[in-house]
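A.B. asks: Here you go, protein17.cif (mmCIF, C-alpha atoms):
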```cif
data_target
loop_
_atom_site.label_atom_id
_atom_site.label_comp_id
_atom_site.auth_asym_id
_atom_site.auth_seq_id
_atom_site.Cartn_x
_atom_site.Cartn_y
_atom_site.Cartn_z
CA MET A 1 28.41 -27.57 -62.12
CA LYS A 2 26.26 -27.33 -59.01
CA LYS A 3 27.45 -25.37 -56.01
CA VAL A 4 28.41 -26.35 -52.45
CA LEU A 5 26.55 -24.89 -49.48
CA LEU A 6 28.72 -24.04 -46.47
CA VAL A 7 27.01 -23.84 -43.05
CA GLU A 8 28.29 -21.53 -40.28
CA THR A 9 27.23 -20.64 -36.73
CA ASN A 10 25.68 -17.44 -35.40
CA VAL A 11 26.58 -18.19 -31.76
CA THR A 12 28.92 -15.62 -30.23
CA ARG A 13 29.49 -17.11 -26.74
CA TYR A 14 29.77 -20.41 -24.96
CA GLN A 15 26.25 -20.51 -23.55
CA GLY A 16 26.08 -19.74 -19.83
CA THR A 17 29.50 -18.05 -19.90
CA THR A 18 31.04 -14.76 -21.00
CA ASP A 19 33.63 -16.53 -23.17
CA PRO A 20 33.51 -15.78 -26.92
CA THR A 21 33.23 -18.47 -29.57
CA GLY A 22 31.99 -18.68 -33.15
CA LEU A 23 33.18 -20.06 -36.48
CA TRP A 24 36.62 -21.71 -36.53
CA LEU A 25 38.01 -19.62 -39.38
CA GLY A 26 40.24 -22.25 -40.97
CA GLU A 27 37.37 -24.72 -41.20
CA ALA A 28 35.65 -22.38 -43.63
CA ALA A 29 38.68 -20.77 -45.27
CA GLU A 30 40.67 -23.93 -46.08
CA PHE A 31 37.56 -25.59 -47.51
CA VAL A 32 36.81 -22.52 -49.62
CA ASP A 33 40.41 -22.44 -50.81
CA GLU A 34 40.10 -26.04 -52.05
CA MET A 35 36.78 -25.29 -53.80
CA ASN A 36 38.21 -22.14 -55.39
CA GLN A 37 41.16 -24.08 -56.78
CA ALA A 38 38.75 -26.59 -58.29
CA GLY A 39 36.49 -23.89 -59.73
CA ILE A 40 33.48 -24.87 -57.61
CA ALA A 41 31.22 -22.08 -56.37
CA VAL A 42 30.30 -21.83 -52.69
CA ASP A 43 27.38 -20.17 -50.91
CA TYR A 44 27.12 -19.54 -47.17
CA VAL A 45 24.17 -20.11 -44.85
CA SER A 46 23.70 -19.79 -41.09
CA PRO A 47 20.69 -20.60 -38.89
CA LYS A 48 19.69 -16.93 -38.57
CA GLY A 49 21.43 -15.54 -41.64
CA GLY A 50 23.54 -12.40 -41.53
CA PHE A 51 26.54 -12.01 -39.23
CA VAL A 52 28.88 -14.90 -38.38
CA PRO A 53 31.27 -14.42 -35.42
CA LEU A 54 34.79 -15.83 -35.41
CA ASP A 55 36.14 -17.94 -32.58
CA PRO A 56 39.08 -15.80 -31.42
CA ARG A 57 41.16 -18.89 -30.66
CA SER A 58 40.98 -19.88 -34.33
CA MET A 59 42.99 -16.81 -35.29
CA LYS A 60 46.08 -18.40 -33.73
CA TYR A 61 45.88 -21.18 -36.32
CA THR A 62 46.09 -19.24 -39.57
CA ASP A 63 48.50 -19.44 -42.47
CA GLU A 64 48.89 -17.51 -45.71
CA ALA A 65 46.19 -19.51 -47.51
CA ILE A 66 43.66 -18.99 -44.70
CA MET A 67 44.46 -15.27 -44.50
CA ARG A 68 44.09 -14.90 -48.27
CA VAL A 69 40.52 -16.21 -48.09
CA TYR A 70 39.79 -14.24 -44.91
CA GLU A 71 40.87 -10.98 -46.56
CA ASP A 72 38.92 -11.62 -49.75
CA SER A 73 36.06 -9.13 -50.10
CA ASP A 74 33.63 -11.81 -51.32
CA PHE A 75 34.32 -13.99 -48.26
CA ILE A 76 34.01 -11.00 -45.92
CA GLU A 77 30.68 -10.03 -47.43
CA ARG A 78 28.99 -13.41 -48.00
CA ALA A 79 30.62 -15.65 -45.34
CA LEU A 80 30.99 -13.25 -42.41
CA LYS A 81 28.72 -10.21 -42.81
CA ASP A 82 25.69 -11.37 -44.74
CA THR A 83 25.17 -15.14 -44.84
CA LEU A 84 21.98 -16.49 -46.35
CA ARG A 85 19.03 -17.45 -44.17
CA PRO A 86 17.81 -21.03 -44.66
CA ASP A 87 14.62 -19.76 -46.31
CA GLN A 88 16.74 -18.11 -49.01
CA VAL A 89 18.34 -21.44 -49.99
CA THR A 90 17.12 -23.64 -52.84
CA PRO A 91 18.49 -27.13 -52.05
CA SER A 92 18.36 -28.30 -55.67
CA ASP A 93 21.08 -25.74 -56.51
CA TYR A 94 23.64 -27.71 -54.48
CA ALA A 95 25.65 -30.87 -54.99
CA ALA A 96 26.76 -30.89 -51.35
CA ILE A 97 26.38 -29.26 -47.95
CA TYR A 98 29.36 -28.75 -45.64
CA TYR A 99 29.03 -28.02 -41.92
CA THR A 100 31.90 -25.98 -40.47
CA GLY A 101 32.84 -26.10 -36.80
CA GLY A 102 33.85 -23.93 -33.93
CA HIS A 103 32.20 -24.57 -30.57
CA GLY A 104 29.29 -22.25 -31.35
CA VAL A 105 27.71 -24.85 -33.63
CA MET A 106 27.02 -27.07 -30.62
CA TRP A 107 24.12 -24.75 -29.76
CA ASP A 108 22.61 -23.78 -33.10
CA PHE A 109 23.25 -26.70 -35.50
CA PRO A 110 21.82 -29.87 -33.90
CA ASN A 111 18.11 -29.06 -33.75
CA ASP A 112 17.62 -26.48 -36.48
CA PRO A 113 14.70 -27.80 -38.58
CA ASN A 114 15.44 -25.52 -41.52
CA LEU A 115 19.05 -26.68 -41.85
CA GLN A 116 17.89 -30.27 -41.45
CA ARG A 117 15.36 -29.84 -44.26
CA ILE A 118 18.01 -28.39 -46.57
CA ALA A 119 20.58 -31.10 -45.78
CA MET A 120 18.12 -33.96 -46.32
CA ALA A 121 16.81 -32.42 -49.55
CA ILE A 122 20.37 -32.24 -50.91
CA TYR A 123 21.06 -35.80 -49.76
CA ASP A 124 17.78 -37.21 -51.12
CA ASN A 125 18.63 -35.55 -54.43
CA GLY A 126 21.84 -37.61 -54.65
CA GLY A 127 24.06 -34.98 -53.05
CA TYR A 128 26.65 -35.17 -50.29
CA ILE A 129 26.56 -34.22 -46.62
CA SER A 130 29.95 -33.28 -45.18
CA SER A 131 31.32 -31.80 -41.98
CA VAL A 132 34.49 -31.19 -40.04
CA CYS A 133 35.24 -31.12 -36.31
CA HIS A 134 32.27 -29.79 -34.28
CA GLY A 135 30.35 -29.42 -37.55
CA ILE A 136 29.30 -33.03 -37.06
CA ALA A 137 26.74 -31.60 -34.63
CA GLY A 138 24.67 -30.73 -37.69
CA LEU A 139 24.53 -34.40 -38.72
CA LEU A 140 23.69 -35.98 -35.37
CA ASN A 141 19.91 -35.52 -35.51
CA LEU A 142 19.30 -35.81 -39.26
CA LYS A 143 16.62 -38.40 -40.02
CA ASP A 144 15.55 -40.10 -43.24
CA ALA A 145 11.97 -40.39 -44.50
CA GLN A 146 11.46 -43.48 -42.31
CA GLY A 147 12.48 -41.54 -39.19
CA ARG A 148 15.83 -43.29 -38.79
CA TYR A 149 18.98 -41.40 -37.90
CA LEU A 150 20.94 -40.83 -41.10
CA ILE A 151 24.23 -41.63 -39.34
CA ALA A 152 22.99 -44.98 -37.95
CA GLY A 153 25.23 -47.78 -39.21
CA LYS A 154 27.54 -45.28 -40.93
CA ARG A 155 31.25 -44.68 -40.35
CA ILE A 156 31.71 -41.04 -39.39
CA THR A 157 34.13 -38.89 -37.41
CA GLY A 158 34.18 -35.55 -35.64
CA PHE A 159 35.71 -33.78 -32.66
CA THR A 160 36.36 -36.54 -30.15
CA THR A 161 35.73 -36.64 -26.41
CA ALA A 162 39.50 -36.78 -25.86
CA GLU A 163 39.96 -33.66 -27.99
CA GLU A 164 37.17 -31.89 -26.09
CA ARG A 165 38.95 -32.71 -22.85
CA ILE A 166 42.27 -31.40 -24.19
CA ALA A 167 40.54 -28.23 -25.43
CA GLY A 168 39.33 -27.66 -21.86
CA LYS A 169 35.68 -27.42 -22.93
CA LYS A 170 34.28 -30.79 -21.88
CA ALA A 171 32.40 -29.26 -18.94
CA VAL A 172 31.06 -26.34 -21.00
CA VAL A 173 29.62 -27.98 -24.12
CA PRO A 174 25.96 -29.10 -24.00
CA PHE A 175 26.83 -32.63 -25.17
CA LEU A 176 29.73 -34.64 -26.56
CA ASN A 177 29.66 -35.29 -30.31
CA GLN A 178 31.24 -38.72 -30.04
CA GLN A 179 28.80 -39.83 -27.35
CA VAL A 180 25.68 -38.70 -29.24
CA ALA A 181 26.92 -40.13 -32.55
CA GLU A 182 27.40 -43.53 -30.94
CA ALA A 183 24.01 -43.30 -29.17
CA HIS A 184 22.41 -42.65 -32.58
CA GLY A 185 23.95 -45.80 -34.03
CA ALA A 186 26.99 -44.43 -35.85
CA HIS A 187 30.33 -46.18 -36.04
CA PHE A 188 32.43 -43.32 -34.68
CA MET A 189 35.95 -43.52 -36.10
CA LYS A 190 38.94 -41.62 -34.77
CA LYS A 191 42.69 -41.26 -34.90
CA ARG A 192 45.13 -39.74 -32.43
CA PHE A 193 43.95 -36.37 -31.15
CA TYR A 194 44.56 -33.45 -33.51
CA SER A 195 45.72 -35.75 -36.32
CA GLU A 196 44.37 -35.21 -39.83
CA TYR A 197 41.62 -37.76 -40.46
CA ALA A 198 38.63 -37.89 -42.79
CA VAL A 199 36.13 -40.68 -43.44
CA LYS A 200 33.85 -41.40 -46.40
CA ASP A 201 30.82 -43.66 -46.04
CA GLY A 202 28.59 -43.46 -49.06
CA ARG A 203 27.60 -39.82 -49.41
CA LEU A 204 28.61 -38.85 -45.88
CA LEU A 205 32.07 -37.25 -45.67
CA THR A 206 33.38 -36.22 -42.26
CA GLY A 207 36.62 -34.92 -40.73
CA GLN A 208 37.80 -35.29 -37.14
CA ASN A 209 39.26 -31.88 -36.21
CA PRO A 210 40.49 -28.51 -37.53
CA PHE A 211 43.47 -30.20 -39.16
CA SER A 212 41.20 -32.36 -41.34
CA VAL A 213 39.52 -29.67 -43.44
CA ARG A 214 41.48 -30.15 -46.65
CA ALA A 215 41.17 -33.93 -46.34
CA VAL A 216 37.36 -33.61 -46.25
CA ALA A 217 37.41 -31.13 -49.14
CA LYS A 218 39.53 -33.48 -51.24
CA LEU A 219 37.17 -36.41 -50.53
CA LEU A 220 34.29 -34.24 -51.75
CA LEU A 221 36.17 -33.02 -54.82
CA ASN A 222 36.92 -36.64 -55.76
CA GLU A 223 33.16 -37.28 -55.77
CA LEU A 224 32.23 -34.08 -57.60
#
```
Starting from the file, lay out its structure as structure tokens.
C.D. replies:
Amino acid sequence: MKKVLLVETNVTRYQGTTDPTGLWLGEAAEFVDEMNQAGIAVDYVSPKGGFVPLDPRSMKYTDEAIMRVYEDSDFIERALKDTLRPDQVTPSDYAAIYYTGGHGVMWDFPNDPNLQRIAMAIYDNGGYISSVCHGIAGLLNLKDAQGRYLIAGKRITGFTTAEERIAGKKAVVPFLNQQVAEAHGAHFMKKRFYSEYAVKDGRLLTGQNPFSVRAVAKLLLNEL
């Protein structure tokens, strides 16, 4: 069984501010929990490799399952302290790539050529590209061999403009996921704010918000 590659941010602050951000813990931990239960191995990569910061706000949204993963020595070591660099990743080892969220990803996911190369290699090899919440930022600028946006004409979802407004970060983020997705030709789907919602279109699997992690994971497990 091939593995799943989980992508996390290295960004520690909302750019231009002193406010901390980083990985939304549950968006990694709940996904890992689902993969663990299914016996599917996971590796962790970030744009720079190494340390991954946690969004402090995400710690208010934990439960026993999230804490169990968070306290696991393997997760601490490979997901938080010492993630792989993109140049250490062999795309053919993976059946899928999964982009986690947290606001930090808005700055280091969208235009990272190394992550883009890995994602498209997995996809072109018949694999799956998945994301949740702000993780959709990693999909927005992916292009196929013909130079077309991968999401063009596809049904996808991610953190909505309404949710960004409610989160109080609309003025701080560098762009709005929903707006860019639509500008790049995607059919952006959404449900009521902070409702669980995941969408499958071919080999693209996306979830709307932090409450959609397990729904995305289950869509992927159905395929794997």
A.B. asks: Report as a list in words the residues that result from applying the PyMOL selection byres ((chain A and resi 196) around 9) to the structure here.
C.D. replies: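 This file gives the following for the PyMOL selection byres ((chain A and resi 196) around 9): Lys191, Arg192, Phe193, Tyr194, Ser195, Tyr197, Ala198, Gly207, Gln208, Asn209, Pro210, Phe211, Ser212, Val213, Arg214 and Ala215 of chain A.
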A.B. asks: Please indicate the distance in Å from CA of Ala186 (chain A) to CA of Leu205 (chain A), rounded to one decimal place.
C.D. replies: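 Going from CA of Ala186 (chain A) over to CA of Leu205 (chain A) covers 13.2 Å.
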A.B. asks: Write out as JSON, numbers by chain each polymer residue whose atoms come within 7 Å of Gly185 (chain A), counting only C-alpha atoms; drop sequence neighbours fewer than 2 positions from it.
C.D. replies: {"A": [151, 152, 153, 181, 182, 183, 187]}
A.B. asks: Restricting the calculation to only C-alpha atoms, which member of A:Phe51, A:Tyr94, A:Tyr70, A:Tyr61 is positioned closest to Ala28 (chain A)?
C.D. replies: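 Selected residue with least distance to Ala28 (chain A): A:Tyr70.
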A.B. asks: Using all atoms listed in the file, pick whichever of A:Ala167, A:Val42, A:Val32, A:Val105 has the shortest atom-to-atom distance to Val69 (chain A).
C.D. replies: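 Closest residue, counting all atoms listed in the file: A:Val32.
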A.B. asks: Would you translate the PyMOL selection byres ((chain A and resi 136-138) around 8) into the concrete set of residues it matches in this file, as a PyMOL selection string?
C.D. replies: chain A and resi 99+101+105-106+109-111+116+131-135+139-142+157-159+177+206
A.B. asks: Working from the structure I just supplied, which lacks atoms in region 153-164 of chain A, can you model N, CA and C atoms there and output them as a JSON list (two decimals), in the coordinates of the input?
C.D. replies:
```json
[["chain", "number", "residue", "atom", "x", "y", "z"],
["A", 153, "GLY", "N", 24.56, -46.77, -38.40],
["A", 153, "GLY", "CA", 25.23, -47.78, -39.21],
["A", 153, "GLY", "C", 26.31, -47.23, -40.12],
["A", 154, "LYS", "N", 26.55, -45.91, -40.06],
["A", 154, "LYS", "CA", 27.54, -45.28, -40.93],
["A", 154, "LYS", "C", 28.84, -45.00, -40.17],
["A", 155, "ARG", "N", 29.95, -45.05, -40.91],
["A", 155, "ARG", "CA", 31.25, -44.68, -40.35],
["A", 155, "ARG", "C", 31.41, -43.16, -40.50],
["A", 156, "ILE", "N", 31.54, -42.50, -39.37],
["A", 156, "ILE", "CA", 31.71, -41.04, -39.39],
["A", 156, "ILE", "C", 32.76, -40.66, -38.35],
["A", 157, "THR", "N", 33.21, -39.41, -38.42],
["A", 157, "THR", "CA", 34.13, -38.89, -37.41],
["A", 157, "THR", "C", 33.81, -37.43, -37.13],
["A", 158, "GLY", "N", 34.35, -36.93, -36.04],
["A", 158, "GLY", "CA", 34.18, -35.55, -35.64],
["A", 158, "GLY", "C", 35.05, -35.30, -34.43],
["A", 159, "PHE", "N", 34.90, -34.13, -33.83],
["A", 159, "PHE", "CA", 35.71, -33.78, -32.66],
["A", 159, "PHE", "C", 35.45, -34.79, -31.55],
["A", 160, "THR", "N", 36.50, -35.43, -31.08],
["A", 160, "THR", "CA", 36.36, -36.54, -30.15],
["A", 160, "THR", "C", 36.23, -36.06, -28.70],
["A", 161, "THR", "N", 35.80, -36.96, -27.83],
["A", 161, "THR", "CA", 35.73, -36.64, -26.41],
["A", 161, "THR", "C", 37.11, -36.31, -25.86],
["A", 162, "ALA", "N", 38.12, -37.05, -26.30],
["A", 162, "ALA", "CA", 39.50, -36.78, -25.86],
["A", 162, "ALA", "C", 39.92, -35.37, -26.28],
["A", 163, "GLU", "N", 39.59, -34.99, -27.51],
["A", 163, "GLU", "CA", 39.96, -33.66, -27.99],
["A", 163, "GLU", "C", 39.22, -32.57, -27.22],
["A", 164, "GLU", "N", 37.96, -32.85, -26.87],
["A", 164, "GLU", "CA", 37.17, -31.89, -26.09],
["A", 164, "GLU", "C", 37.80, -31.68, -24.71]]
```
